[in-house]
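File shown: structure33.txt (compact mmCIF, C-alpha atoms).
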```txt
# COMPACT_ATOMS: atom_id res chain seq x y z
CA MET P 1 -158.41 -51.23 110.34
CA ALA P 2 -161.14 -51.93 112.86
CA SER P 3 -164.53 -50.55 112.03
CA SER P 4 -166.31 -48.22 114.39
CA ALA P 5 -168.62 -51.10 115.29
CA ASP P 6 -165.60 -53.14 116.40
CA SER P 7 -164.49 -50.26 118.63
CA ALA P 8 -167.81 -49.50 120.22
CA ARG P 9 -169.15 -50.51 123.57
CA PRO P 10 -172.74 -51.72 123.37
CA MET P 11 -175.07 -48.76 122.95
CA VAL P 12 -177.89 -48.99 125.44
CA ALA P 13 -181.16 -48.01 123.84
CA ALA P 14 -182.66 -44.74 124.96
CA GLN P 15 -185.47 -45.23 127.46
CA PRO P 16 -188.77 -43.61 126.47
CA GLY P 17 -189.51 -40.57 128.59
CA VAL P 18 -186.01 -40.35 130.09
CA PRO P 19 -184.38 -37.05 129.10
CA SER P 20 -180.81 -37.16 127.85
CA ILE P 21 -177.89 -34.87 127.12
CA ALA P 22 -175.04 -36.04 124.90
CA LEU P 23 -171.41 -35.03 125.35
CA VAL P 24 -168.13 -35.78 123.59
CA ALA P 25 -164.63 -35.32 124.99
CA GLY P 26 -161.78 -36.52 122.81
CA GLU P 27 -158.78 -36.10 125.10
CA PRO P 28 -157.94 -35.96 128.83
CA SER P 29 -158.25 -32.17 129.20
CA GLY P 30 -161.75 -32.27 127.73
CA ASP P 31 -162.65 -35.17 130.01
CA VAL P 32 -161.74 -33.10 133.08
CA LEU P 33 -163.59 -30.08 131.71
CA ALA P 34 -166.77 -32.01 130.92
CA ALA P 35 -166.68 -33.80 134.28
CA ARG P 36 -166.71 -30.45 136.06
CA LEU P 37 -169.67 -29.35 133.95
CA LEU P 38 -171.48 -32.60 134.78
CA SER P 39 -170.91 -31.98 138.48
CA GLY P 40 -172.70 -28.66 138.07
CA LEU P 41 -175.57 -30.11 136.03
CA ARG P 42 -176.34 -33.20 138.13
CA PRO P 43 -178.09 -31.39 141.00
CA HIS P 44 -180.43 -29.66 138.52
CA LEU P 45 -181.03 -32.68 136.26
CA PRO P 46 -180.97 -35.74 138.55
CA ASP P 47 -183.03 -37.90 136.19
CA THR P 48 -181.21 -36.97 133.00
CA ARG P 49 -179.06 -39.55 131.22
CA PHE P 50 -175.65 -38.21 130.16
CA HIS P 51 -173.94 -40.22 127.44
CA GLY P 52 -171.68 -40.05 124.38
CA ILE P 53 -167.89 -40.33 124.48
CA GLY P 54 -165.77 -39.49 127.50
CA GLY P 55 -163.05 -40.59 129.88
CA GLU P 56 -162.63 -41.68 133.46
CA HIS P 57 -163.50 -38.33 135.05
CA MET P 58 -166.80 -38.12 133.17
CA ILE P 59 -167.59 -41.77 133.91
CA ALA P 60 -167.01 -41.07 137.61
CA GLN P 61 -169.88 -38.56 137.30
CA GLY P 62 -172.23 -41.30 136.08
CA PHE P 63 -171.57 -40.69 132.38
CA GLU P 64 -172.11 -43.51 129.87
CA SER P 65 -169.37 -43.65 127.21
CA HIS P 66 -170.19 -45.59 124.06
CA TYR P 67 -166.57 -45.71 122.88
CA PRO P 68 -163.23 -45.61 124.71
CA MET P 69 -162.14 -41.99 124.63
CA ASP P 70 -158.65 -42.93 123.46
CA LYS P 71 -160.18 -43.97 120.13
CA LEU P 72 -160.38 -40.23 119.44
CA THR P 73 -157.14 -39.10 121.05
CA VAL P 74 -154.76 -38.30 118.19
CA ARG P 75 -151.91 -35.78 118.48
CA GLY P 76 -150.66 -33.63 115.64
CA LEU P 77 -151.81 -32.62 112.18
CA LEU P 78 -150.25 -35.59 110.43
CA ALA P 79 -151.04 -38.30 112.98
CA VAL P 80 -154.77 -38.09 112.26
CA ILE P 81 -154.42 -39.20 108.63
CA PRO P 82 -154.05 -42.99 109.21
CA ARG P 83 -156.86 -42.86 111.78
CA TYR P 84 -159.27 -40.77 109.75
CA ARG P 85 -161.60 -43.56 108.58
CA GLU P 86 -161.98 -45.00 112.06
CA ILE P 87 -162.64 -41.63 113.69
CA LYS P 88 -165.05 -40.60 110.93
CA GLY P 89 -166.91 -43.88 111.38
CA ILE P 90 -167.32 -43.19 115.10
CA GLN P 91 -168.55 -39.66 114.36
CA ASN P 92 -171.12 -40.92 111.83
CA ALA P 93 -172.38 -43.69 114.11
CA LEU P 94 -172.81 -41.28 117.02
CA ARG P 95 -174.50 -38.71 114.76
CA ASP P 96 -177.05 -41.28 113.55
CA ARG P 97 -177.80 -42.34 117.11
CA LEU P 98 -178.30 -38.78 118.32
CA LEU P 99 -180.45 -37.79 115.36
CA ALA P 100 -182.71 -40.74 116.18
CA GLU P 101 -182.71 -40.11 119.94
CA ARG P 102 -182.86 -36.29 119.83
CA PRO P 103 -181.23 -35.39 123.17
CA ALA P 104 -182.12 -32.13 124.91
CA ALA P 105 -178.70 -30.81 123.91
CA PHE P 106 -175.29 -31.85 122.65
CA ILE P 107 -172.17 -30.55 124.39
CA GLY P 108 -168.78 -30.77 122.71
CA ALA P 109 -165.95 -30.52 125.22
CA ASP P 110 -163.14 -28.89 123.24
CA TYR P 111 -161.83 -31.30 120.50
CA PRO P 112 -163.11 -28.98 117.72
CA GLY P 113 -161.98 -31.03 114.72
CA PHE P 114 -164.44 -33.76 115.67
CA ASN P 115 -167.07 -31.88 117.64
CA LEU P 116 -167.73 -28.94 115.33
CA GLY P 117 -168.50 -31.25 112.43
CA LEU P 118 -170.88 -33.25 114.58
CA GLU P 119 -172.44 -30.12 116.06
CA GLU P 120 -173.13 -28.65 112.63
CA GLN P 121 -175.17 -31.69 111.62
CA LEU P 122 -177.06 -31.84 114.91
CA LYS P 123 -177.85 -28.12 114.95
CA ALA P 124 -179.15 -28.32 111.38
CA ALA P 125 -181.55 -31.00 112.63
CA GLY P 126 -182.81 -28.73 115.42
CA ILE P 127 -180.80 -30.13 118.35
CA PRO P 128 -179.25 -27.36 120.51
CA THR P 129 -175.46 -27.53 120.47
CA ILE P 130 -173.06 -26.15 123.06
CA HIS P 131 -169.30 -25.99 122.68
CA TYR P 132 -167.23 -25.75 125.85
CA ILE P 133 -163.97 -23.87 125.35
CA GLY P 134 -163.95 -21.76 122.24
CA PRO P 135 -161.46 -22.83 119.59
CA GLN P 136 -158.50 -20.47 119.55
CA ILE P 137 -159.63 -18.54 116.49
CA TRP P 138 -157.85 -15.52 118.01
CA ALA P 139 -154.54 -17.40 117.65
CA TRP P 140 -154.92 -19.21 114.33
CA ARG P 141 -157.52 -20.50 111.85
CA GLY P 142 -159.77 -17.48 112.23
CA GLY P 143 -161.77 -18.66 109.23
CA ARG P 144 -163.19 -21.37 111.48
CA ILE P 145 -165.65 -18.79 112.84
CA LYS P 146 -167.83 -19.42 109.78
CA LYS P 147 -168.16 -23.07 110.74
CA ILE P 148 -168.75 -22.16 114.38
CA ILE P 149 -171.67 -19.92 113.41
CA LYS P 150 -173.28 -22.87 111.61
CA ALA P 151 -172.43 -25.43 114.27
CA VAL P 152 -172.81 -23.85 117.70
CA SER P 153 -175.99 -22.70 119.45
CA HIS P 154 -174.05 -21.42 122.46
CA MET P 155 -170.32 -21.07 123.15
CA LEU P 156 -168.75 -21.36 126.61
CA VAL P 157 -165.40 -19.58 126.87
CA VAL P 158 -162.71 -19.65 129.57
CA PHE P 159 -160.85 -16.39 128.84
CA PRO P 160 -162.51 -12.98 129.34
CA PHE P 161 -161.36 -11.48 126.03
CA GLU P 162 -163.01 -14.29 124.04
CA GLU P 163 -166.52 -13.19 124.95
CA GLU P 164 -166.42 -10.09 122.76
CA ILE P 165 -164.98 -12.03 119.79
CA TYR P 166 -167.95 -14.39 119.69
CA LYS P 167 -170.48 -11.64 120.40
CA GLN P 168 -169.20 -9.70 117.40
CA ALA P 169 -169.56 -12.83 115.27
CA GLY P 170 -173.16 -13.26 116.40
CA VAL P 171 -172.52 -16.45 118.38
CA PRO P 172 -174.33 -16.57 121.76
CA VAL P 173 -171.58 -16.86 124.37
CA SER P 174 -170.97 -17.12 128.12
CA TYR P 175 -167.70 -16.50 129.93
CA VAL P 176 -167.55 -19.16 132.68
CA GLY P 177 -164.03 -18.74 134.05
CA HIS P 178 -161.12 -21.14 133.76
CA PRO P 179 -161.33 -24.32 135.87
CA LEU P 180 -157.59 -24.20 136.59
CA ALA P 181 -158.02 -20.88 138.38
CA GLU P 182 -160.21 -22.67 140.92
CA LEU P 183 -157.99 -25.71 141.23
CA ILE P 184 -154.78 -23.79 141.89
CA PRO P 185 -154.66 -21.79 145.14
CA LEU P 186 -154.15 -18.04 145.00
CA ALA P 187 -151.23 -18.46 147.43
CA PRO P 188 -149.48 -21.77 146.62
CA ASP P 189 -147.59 -23.55 149.40
CA GLU P 190 -144.01 -23.68 148.12
CA ALA P 191 -142.56 -24.93 151.41
CA GLY P 192 -145.14 -27.70 151.64
CA ALA P 193 -144.49 -28.77 148.05
CA ARG P 194 -140.76 -28.97 148.73
CA ARG P 195 -141.33 -31.08 151.82
CA ALA P 196 -143.56 -33.41 149.80
CA LEU P 197 -140.78 -33.91 147.25
CA GLY P 198 -137.98 -34.22 149.82
CA LEU P 199 -136.37 -30.94 148.76
CA ALA P 200 -134.73 -28.52 151.15
CA GLU P 201 -136.77 -25.36 151.70
CA ASP P 202 -133.76 -23.22 150.76
CA ALA P 203 -132.83 -25.26 147.65
CA SER P 204 -132.72 -23.72 144.18
CA VAL P 205 -135.24 -25.78 142.21
CA VAL P 206 -136.04 -25.91 138.51
CA ALA P 207 -139.02 -27.86 137.16
CA ILE P 208 -138.52 -29.42 133.72
CA MET P 209 -141.78 -29.98 131.83
CA PRO P 210 -141.17 -31.07 128.21
CA GLY P 211 -144.79 -32.18 127.77
CA SER P 212 -147.09 -35.10 128.50
CA ARG P 213 -147.62 -36.22 124.91
CA MET P 214 -145.19 -38.71 123.41
CA SER P 215 -144.59 -36.40 120.45
CA GLU P 216 -143.74 -33.54 122.81
CA LEU P 217 -141.28 -35.70 124.68
CA LYS P 218 -139.74 -36.82 121.41
CA TYR P 219 -138.92 -33.31 120.24
CA ASN P 220 -138.39 -31.44 123.53
CA THR P 221 -136.58 -33.78 125.91
CA ALA P 222 -133.01 -33.55 124.61
CA ALA P 223 -133.08 -29.74 124.43
CA PHE P 224 -134.69 -29.38 127.87
CA ILE P 225 -132.27 -31.74 129.61
CA GLY P 226 -129.36 -30.27 127.66
CA ALA P 227 -130.35 -26.90 129.10
CA ALA P 228 -130.47 -28.42 132.59
CA LYS P 229 -126.91 -29.68 132.15
CA LEU P 230 -125.70 -26.20 131.21
CA LEU P 231 -127.57 -24.64 134.14
CA LYS P 232 -125.97 -27.13 136.51
CA GLN P 233 -122.57 -26.03 135.25
CA ARG P 234 -123.44 -22.44 136.24
CA ASP P 235 -124.82 -23.41 139.66
CA SER P 236 -123.94 -26.85 140.99
CA THR P 237 -126.54 -26.54 143.78
CA LEU P 238 -129.52 -26.48 141.38
CA ARG P 239 -132.03 -29.31 141.79
CA PHE P 240 -134.17 -30.48 138.88
CA VAL P 241 -137.58 -32.16 139.07
CA ALA P 242 -139.60 -33.48 136.12
CA PRO P 243 -143.17 -34.74 136.45
CA MET P 244 -144.05 -37.68 134.19
CA ALA P 245 -147.62 -38.18 132.98
CA GLY P 246 -147.36 -41.98 133.21
CA GLU P 247 -145.04 -44.97 133.18
CA ARG P 248 -144.96 -45.03 129.37
CA GLN P 249 -143.85 -41.40 129.30
CA ARG P 250 -141.23 -42.07 132.00
CA ARG P 251 -139.66 -44.93 130.04
CA TYR P 252 -139.63 -42.91 126.83
CA PHE P 253 -138.16 -39.88 128.59
CA LEU P 254 -135.30 -41.99 130.00
CA GLU P 255 -134.73 -43.56 126.58
CA LEU P 256 -134.48 -40.12 124.96
CA VAL P 257 -132.12 -38.87 127.66
CA ALA P 258 -129.87 -41.89 127.08
CA GLN P 259 -129.93 -41.39 123.31
CA ALA P 260 -128.78 -37.81 123.84
CA GLY P 261 -125.96 -38.92 126.15
CA LEU P 262 -127.36 -36.90 129.05
CA GLN P 263 -127.68 -39.67 131.65
CA ASP P 264 -125.29 -37.80 133.93
CA VAL P 265 -127.82 -34.98 134.49
CA GLU P 266 -129.51 -35.61 137.82
CA VAL P 267 -133.26 -35.13 137.47
CA GLN P 268 -135.81 -36.26 140.06
CA LEU P 269 -138.61 -37.91 138.10
CA LEU P 270 -142.08 -37.69 139.60
CA ASP P 271 -145.15 -39.84 139.05
CA GLY P 272 -147.58 -37.14 137.99
CA GLN P 273 -147.46 -34.44 140.69
CA SER P 274 -147.05 -31.70 138.12
CA HIS P 275 -148.66 -29.12 140.39
CA THR P 276 -146.41 -30.11 143.27
CA ALA P 277 -143.39 -29.76 141.00
CA ILE P 278 -144.45 -26.29 139.85
CA ALA P 279 -145.26 -25.14 143.37
CA ALA P 280 -141.83 -26.31 144.57
CA ALA P 281 -139.88 -24.63 141.77
CA ASP P 282 -138.08 -21.30 141.61
CA ALA P 283 -138.61 -21.33 137.83
CA VAL P 284 -140.02 -23.68 135.22
CA LEU P 285 -138.91 -24.71 131.73
CA VAL P 286 -142.23 -25.64 130.16
CA ALA P 287 -143.57 -26.79 126.82
CA SER P 288 -146.14 -24.42 125.33
CA GLY P 289 -149.72 -25.34 126.12
CA THR P 290 -152.03 -25.41 129.12
CA ALA P 291 -149.08 -26.21 131.38
CA SER P 292 -147.74 -22.69 130.83
CA LEU P 293 -151.00 -21.27 132.20
CA GLU P 294 -150.66 -23.57 135.22
CA VAL P 295 -147.18 -22.18 135.86
CA ALA P 296 -148.54 -18.63 135.67
CA LEU P 297 -151.32 -19.45 138.14
CA PHE P 298 -148.65 -20.74 140.51
CA LYS P 299 -146.99 -17.29 140.10
CA LYS P 300 -143.69 -18.79 138.88
CA PRO P 301 -141.14 -17.41 136.40
CA MET P 302 -140.83 -19.56 133.30
CA VAL P 303 -139.40 -20.05 129.87
CA ILE P 304 -141.88 -21.37 127.30
CA ALA P 305 -140.40 -23.57 124.59
CA TYR P 306 -141.64 -25.92 121.92
CA ARG P 307 -140.19 -28.12 119.21
CA MET P 308 -142.06 -30.31 116.73
CA MET P 309 -141.73 -32.23 113.50
CA GLU P 310 -140.19 -29.89 110.93
CA LEU P 311 -143.02 -30.33 108.42
CA GLU P 312 -145.64 -29.46 111.05
CA TRP P 313 -143.59 -26.44 112.07
CA GLN P 314 -143.43 -25.18 108.49
CA ILE P 315 -147.21 -25.53 108.21
CA LEU P 316 -148.14 -24.00 111.55
CA ARG P 317 -145.71 -21.09 111.55
CA HIS P 318 -147.68 -19.44 108.74
CA PHE P 319 -151.05 -19.65 110.52
CA GLY P 320 -150.41 -17.64 113.67
CA TYR P 321 -152.13 -14.26 114.08
CA GLN P 322 -150.27 -13.08 117.16
CA PRO P 323 -146.64 -12.68 118.16
CA TRP P 324 -147.20 -14.95 121.18
CA ILE P 325 -147.94 -18.66 121.55
CA GLY P 326 -147.79 -18.99 125.35
CA LEU P 327 -151.08 -18.49 127.16
CA PRO P 328 -149.58 -16.20 129.84
CA ASN P 329 -148.22 -13.90 127.15
CA ILE P 330 -151.45 -14.02 125.15
CA LEU P 331 -153.48 -13.06 128.21
CA ALA P 332 -151.03 -10.27 129.08
CA ARG P 333 -150.81 -9.11 125.44
CA GLU P 334 -147.04 -8.84 125.82
CA PHE P 335 -143.95 -10.98 126.29
CA LEU P 336 -144.04 -11.36 130.06
CA VAL P 337 -141.88 -14.48 129.75
CA PRO P 338 -139.56 -15.72 126.98
CA GLU P 339 -140.80 -17.97 124.19
CA LEU P 340 -138.29 -20.07 122.25
CA LEU P 341 -139.56 -22.16 119.36
CA GLN P 342 -138.15 -24.88 117.13
CA ASP P 343 -134.45 -24.24 116.30
CA ALA P 344 -134.39 -21.32 118.75
CA ALA P 345 -135.25 -23.79 121.52
CA ASN P 346 -131.71 -25.16 121.72
CA PRO P 347 -129.98 -26.06 125.00
CA GLN P 348 -127.78 -22.95 125.17
CA ALA P 349 -130.61 -20.50 124.46
CA LEU P 350 -132.92 -22.26 126.91
CA ALA P 351 -130.26 -22.26 129.62
CA ASP P 352 -129.52 -18.56 129.10
CA ALA P 353 -133.21 -17.64 129.27
CA MET P 354 -133.78 -19.80 132.34
CA TRP P 355 -130.78 -18.29 134.12
CA GLN P 356 -132.30 -14.85 133.63
CA GLN P 357 -135.57 -16.03 135.14
CA LEU P 358 -133.74 -17.52 138.12
CA SER P 359 -131.41 -14.62 138.83
CA ASP P 360 -133.48 -11.45 138.24
CA ALA P 361 -135.20 -10.89 141.60
CA PRO P 362 -137.10 -7.68 140.68
CA HIS P 363 -138.43 -9.40 137.55
CA ARG P 364 -139.66 -12.31 139.67
CA LEU P 365 -141.61 -9.97 141.93
CA ARG P 366 -143.19 -8.14 138.99
CA LEU P 367 -144.18 -11.44 137.39
CA ALA P 368 -145.76 -12.70 140.60
CA GLN P 369 -148.01 -9.63 140.76
CA ARG P 370 -148.98 -9.83 137.08
CA PHE P 371 -149.79 -13.51 137.44
CA ALA P 372 -151.83 -12.86 140.60
CA ASP P 373 -153.92 -10.31 138.66
CA MET P 374 -154.32 -12.85 135.86
CA HIS P 375 -155.46 -15.48 138.36
CA HIS P 376 -158.19 -13.21 139.75
CA SER P 377 -159.44 -12.40 136.24
CA LEU P 378 -159.92 -16.12 135.47
CA LEU P 379 -161.47 -17.10 138.80
CA ARG P 380 -165.14 -18.10 138.67
CA ASN P 381 -167.11 -21.10 139.87
CA SER P 382 -166.86 -22.75 136.46
CA ALA P 383 -169.07 -25.74 137.35
CA VAL P 384 -171.91 -23.45 138.42
CA GLU P 385 -171.40 -20.90 135.63
CA SER P 386 -171.17 -23.48 132.82
CA ALA P 387 -174.12 -25.48 134.14
CA ALA P 388 -176.24 -22.32 134.34
CA ALA P 389 -175.42 -21.50 130.71
CA VAL P 390 -176.36 -25.03 129.58
CA LEU P 391 -179.64 -24.94 131.52
CA LYS P 392 -180.60 -21.65 129.81
CA VAL P 393 -180.06 -23.27 126.42
CA ILE P 394 -182.10 -26.41 127.10
CA GLN P 395 -184.88 -24.53 128.88
CA ALA P 396 -185.21 -21.84 126.19
```
Encoding of this model in structure tokens:
Amino acid sequence: MASSADSARPMVAAQPGVPSIALVAGEPSGDVLAARLLSGLRPHLPDTRFHGIGGEHMIAQGFESHYPMDKLTVRGLLAVIPRYREIKGIQNALRDRLLAERPAAFIGADYPGFNLGLEEQLKAAGIPTIHYIGPQIWAWRGGRIKKIIKAVSHMLVVFPFEEEIYKQAGVPVSYVGHPLAELIPLAPDEAGARRALGLAEDASVVAIMPGSRMSELKYNTAAFIGAAKLLKQRDSTLRFVAPMAGERQRRYFLELVAQAGLQDVEVQLLDGQSHTAIAAADAVLVASGTASLEVALFKKPMVIAYRMMELEWQILRHFGYQPWIGLPNILAREFLVPELLQDAANPQALADAMWQQLSDAPHRLRLAQRFADMHHSLLRNSAVESAAAVLKVIQA
């Protein structure tokens, strides 16, 4: 296994007198989040050097990444085990650098397994630490709050209800809104999205979103496309679209479809364009995760489903604190839309649930209003709000 030194890009020495702020994002969602924060900070801190670990969106904001971000991107509880030594080596090397340099603050963009451990060591040494997006202690692993108290000087949260949780725990906190609520329009253009995808404006359209991670595709694809086949048997006019996160995901998706003997199901594959696919759809079959919140912000009916490795399922199913896993349901505190997990997420059950979402017009109208209310509750200028919270910490 390569050492962390083998993986690193050359670390430019800190320049005396030049202030710095360190950040770490370990996966694409954190990269986007941190880039938005950087865009808010830059006007206030034009001479500050921002560095650490990040991806293309952060680099586009003038960020200096000492390691490729994909060195940290590991999916699943079990997948991290063979990579542990390498990732721990990167964490230790970055810790030593930051303890020597003493930046004005450290900001961990999500990725709590890595960032909280690093933050705890930096905070103990007197370096202010900020964590952007509170770990979902309200969903599982509530005991993590003890570590958060030790590790985090200030928490930035993206859901309104989280603010009170951290206040009660004694963790300074700011609610900054959810960036997706700004990115997605309050009134999406369904007709325009359909034109962009070459779909008739009066077509019945279902978006299939089994996930962007390879592991998600592995476990969800056959059930999702099997459901599409059953739906097509009920309504031969249905059109299916499926956004693919990249060429690797597209090839793997097609391989899985072939293995399941479902090549006869006509699905229009898209290069990215997930938001266009959602906007064009009458309803969406979506893997649990941030994508389900995106569907809600587009005011679309959906069925949330998820399958995973059986061992991981047996571990995770005992950790949940709430009856919901989908973000729209968690925010609503009720089952606004169906959730089907593991063995329950079979083609027949998914098709039945999707048919209900497609055919119940009053339900669709009620959902659209609930999702519009949800959208307004999450809408803030997150770049400005998060930057203001960071500036308060470093100027305290």
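For the atom pair formed by CA of Glu190 (chain P) and CA of Tyr252 (chain P), the distance is 29.0 Å, given to one decimal.
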* Around the point (-139.3, -30.6, 145.7), in the coordinates given by the file, pick out the residues reaching within 12 Å, counting only C-alpha atoms, and return them as a PyMOL selection string. => chain P and resi 189-207+238-243+267-270+273-282
Could you save those same residues with C-alpha atoms as a short mmCIF file (atom, residue, chain, number, x, y, z; two decimals), in the coordinates of the input?
```
data_model
loop_
_atom_site.label_atom_id
_atom_site.label_comp_id
_atom_site.auth_asym_id
_atom_site.auth_seq_id
_atom_site.Cartn_x
_atom_site.Cartn_y
_atom_site.Cartn_z
CA ASP P 189 -147.59 -23.55 149.40
CA GLU P 190 -144.01 -23.68 148.12
CA ALA P 191 -142.56 -24.93 151.41
CA GLY P 192 -145.14 -27.70 151.64
CA ALA P 193 -144.49 -28.77 148.05
CA ARG P 194 -140.76 -28.97 148.73
CA ARG P 195 -141.33 -31.08 151.82
CA ALA P 196 -143.56 -33.41 149.80
CA LEU P 197 -140.78 -33.91 147.25
CA GLY P 198 -137.98 -34.22 149.82
CA LEU P 199 -136.37 -30.94 148.76
CA ALA P 200 -134.73 -28.52 151.15
CA GLU P 201 -136.77 -25.36 151.70
CA ASP P 202 -133.76 -23.22 150.76
CA ALA P 203 -132.83 -25.26 147.65
CA SER P 204 -132.72 -23.72 144.18
CA VAL P 205 -135.24 -25.78 142.21
CA VAL P 206 -136.04 -25.91 138.51
CA ALA P 207 -139.02 -27.86 137.16
CA LEU P 238 -129.52 -26.48 141.38
CA ARG P 239 -132.03 -29.31 141.79
CA PHE P 240 -134.17 -30.48 138.88
CA VAL P 241 -137.58 -32.16 139.07
CA ALA P 242 -139.60 -33.48 136.12
CA PRO P 243 -143.17 -34.74 136.45
CA VAL P 267 -133.26 -35.13 137.47
CA GLN P 268 -135.81 -36.26 140.06
CA LEU P 269 -138.61 -37.91 138.10
CA LEU P 270 -142.08 -37.69 139.60
CA GLN P 273 -147.46 -34.44 140.69
CA SER P 274 -147.05 -31.70 138.12
CA HIS P 275 -148.66 -29.12 140.39
CA THR P 276 -146.41 -30.11 143.27
CA ALA P 277 -143.39 -29.76 141.00
CA ILE P 278 -144.45 -26.29 139.85
CA ALA P 279 -145.26 -25.14 143.37
CA ALA P 280 -141.83 -26.31 144.57
CA ALA P 281 -139.88 -24.63 141.77
CA ASP P 282 -138.08 -21.30 141.61
#
```
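From CA of Ile137 (chain P) back to CA of Gln91 (chain P), the distance works out to 23.0 Å.
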In terms of all atoms listed in the file, the residue from P:Glu216, P:Gln356, P:Gly26, P:His363 at minimal distance from Arg234 (chain P) is P:Gln356
What separates CA of Val176 (chain P) and CA of Thr48 (chain P) is a distance of 22.4 Å
Which residues are near Ile87 (chain P)? Cut-off 8 Å, all atoms listed in the file, ignore same chain within fewer than 3 positions. Put them as a short mmCIF file (atom, residue, chain, number, x, y, z; two decimals) with C-alpha atoms, in the coordinates of the input.
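Saved to result.cif:
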```cif
data_model
loop_
_atom_site.label_atom_id
_atom_site.label_comp_id
_atom_site.auth_asym_id
_atom_site.auth_seq_id
_atom_site.Cartn_x
_atom_site.Cartn_y
_atom_site.Cartn_z
CA SER P 4 -166.31 -48.22 114.39
CA LYS P 71 -160.18 -43.97 120.13
CA LEU P 72 -160.38 -40.23 119.44
CA ARG P 83 -156.86 -42.86 111.78
CA TYR P 84 -159.27 -40.77 109.75
CA ILE P 90 -167.32 -43.19 115.10
CA GLN P 91 -168.55 -39.66 114.36
#
```
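Environment of (-137.1, -21.6, 136.4): residues at most 6 Å away, judged by all atoms listed in the file, are Val206, Asp282, Ala283, Val284, Leu285, Pro301, Met302, Met354, Gln357 and Leu358 of chain P.
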Practice prompt. List the neighbours of region 370-386 of chain P out to 6 Å using only C-alpha atoms; skip same-chain residues closer than 3 positions along the sequence, and give me the result as an MDAnalysis selection string.
Written response: chainID P and resid 36:37 40 176:179 181 296:297 299 367 389
Taking all listed atoms of region 261-266 of chain P, build the axis-aligned box, pad each of the six sides by 8 Å, then write its centre and edge lengths in Å to one decimal as AutoDock Vina command-line options.
```
--center_x -127.4 --center_y -37.3 --center_z 132.0 --size_x 20.2 --size_y 20.7 --size_z 27.7
```
key: 10 Å contact set for Ala25 (chain P), all atoms listed in the file, chain neighbours under 2 positions out, as JSON, numbers by chain   = {"P": [23, 27, 28, 29, 30, 31, 32, 33, 34, 35, 52, 53, 54, 55, 58, 65, 69, 70, 72, 73, 107, 108, 109, 110, 111, 112, 114, 115, 132]}
Keeping C-alpha atoms for every residue in the selection just given, could you write it to a file as a PDB file, in the frame of the given file?
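Final file, out18.pdb:
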```
ATOM      1  CA  LEU P  23    -171.410 -35.030 125.350  1.00  0.00           C
ATOM      2  CA  GLU P  27    -158.780 -36.100 125.100  1.00  0.00           C
ATOM      3  CA  PRO P  28    -157.940 -35.960 128.830  1.00  0.00           C
ATOM      4  CA  SER P  29    -158.250 -32.170 129.200  1.00  0.00           C
ATOM      5  CA  GLY P  30    -161.750 -32.270 127.730  1.00  0.00           C
ATOM      6  CA  ASP P  31    -162.650 -35.170 130.010  1.00  0.00           C
ATOM      7  CA  VAL P  32    -161.740 -33.100 133.080  1.00  0.00           C
ATOM      8  CA  LEU P  33    -163.590 -30.080 131.710  1.00  0.00           C
ATOM      9  CA  ALA P  34    -166.770 -32.010 130.920  1.00  0.00           C
ATOM     10  CA  ALA P  35    -166.680 -33.800 134.280  1.00  0.00           C
ATOM     11  CA  GLY P  52    -171.680 -40.050 124.380  1.00  0.00           C
ATOM     12  CA  ILE P  53    -167.890 -40.330 124.480  1.00  0.00           C
ATOM     13  CA  GLY P  54    -165.770 -39.490 127.500  1.00  0.00           C
ATOM     14  CA  GLY P  55    -163.050 -40.590 129.880  1.00  0.00           C
ATOM     15  CA  MET P  58    -166.800 -38.120 133.170  1.00  0.00           C
ATOM     16  CA  SER P  65    -169.370 -43.650 127.210  1.00  0.00           C
ATOM     17  CA  MET P  69    -162.140 -41.990 124.630  1.00  0.00           C
ATOM     18  CA  ASP P  70    -158.650 -42.930 123.460  1.00  0.00           C
ATOM     19  CA  LEU P  72    -160.380 -40.230 119.440  1.00  0.00           C
ATOM     20  CA  THR P  73    -157.140 -39.100 121.050  1.00  0.00           C
ATOM     21  CA  ILE P 107    -172.170 -30.550 124.390  1.00  0.00           C
ATOM     22  CA  GLY P 108    -168.780 -30.770 122.710  1.00  0.00           C
ATOM     23  CA  ALA P 109    -165.950 -30.520 125.220  1.00  0.00           C
ATOM     24  CA  ASP P 110    -163.140 -28.890 123.240  1.00  0.00           C
ATOM     25  CA  TYR P 111    -161.830 -31.300 120.500  1.00  0.00           C
ATOM     26  CA  PRO P 112    -163.110 -28.980 117.720  1.00  0.00           C
ATOM     27  CA  PHE P 114    -164.440 -33.760 115.670  1.00  0.00           C
ATOM     28  CA  ASN P 115    -167.070 -31.880 117.640  1.00  0.00           C
ATOM     29  CA  TYR P 132    -167.230 -25.750 125.850  1.00  0.00           C
TER      30      TYR P 132
END
```
Counting only C-alpha atoms, the residue among P:Ala396, P:Ile133, P:Ala388, P:Met244 that lies closest to Pro43 (chain P) is P:Ala388
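Considering only C-alpha atoms, the residue among P:Tyr166, P:Phe224, P:Phe253, P:Tyr67 positioned nearest to Ile304 (chain P) is P:Phe224.
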**Message:** Excluding Ala351 (chain P) and its own-chain neighbours fewer than 5 positions away, which residues fall within 10 Å of it when counting all atoms listed in the file? Please give them as a list in words.
**Reply:** Ala223, Phe224, Ile225, Gly226, Ala227, Ala228, Lys229, Leu230, Leu231, Lys232, Arg234, Leu285, Val303, Ala345, Asn346, Gln356 and Gln357 of chain P
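By chain and then residue number, the residues within 8 Å of Ile21 (chain P) are Pro19, Leu23, Thr48, Arg49, Phe50, His51, Pro103, Ala104, Ala105, Phe106 and Ile107 of chain P, counting all atoms listed in the file and disregarding those fewer than 2 positions away in sequence.
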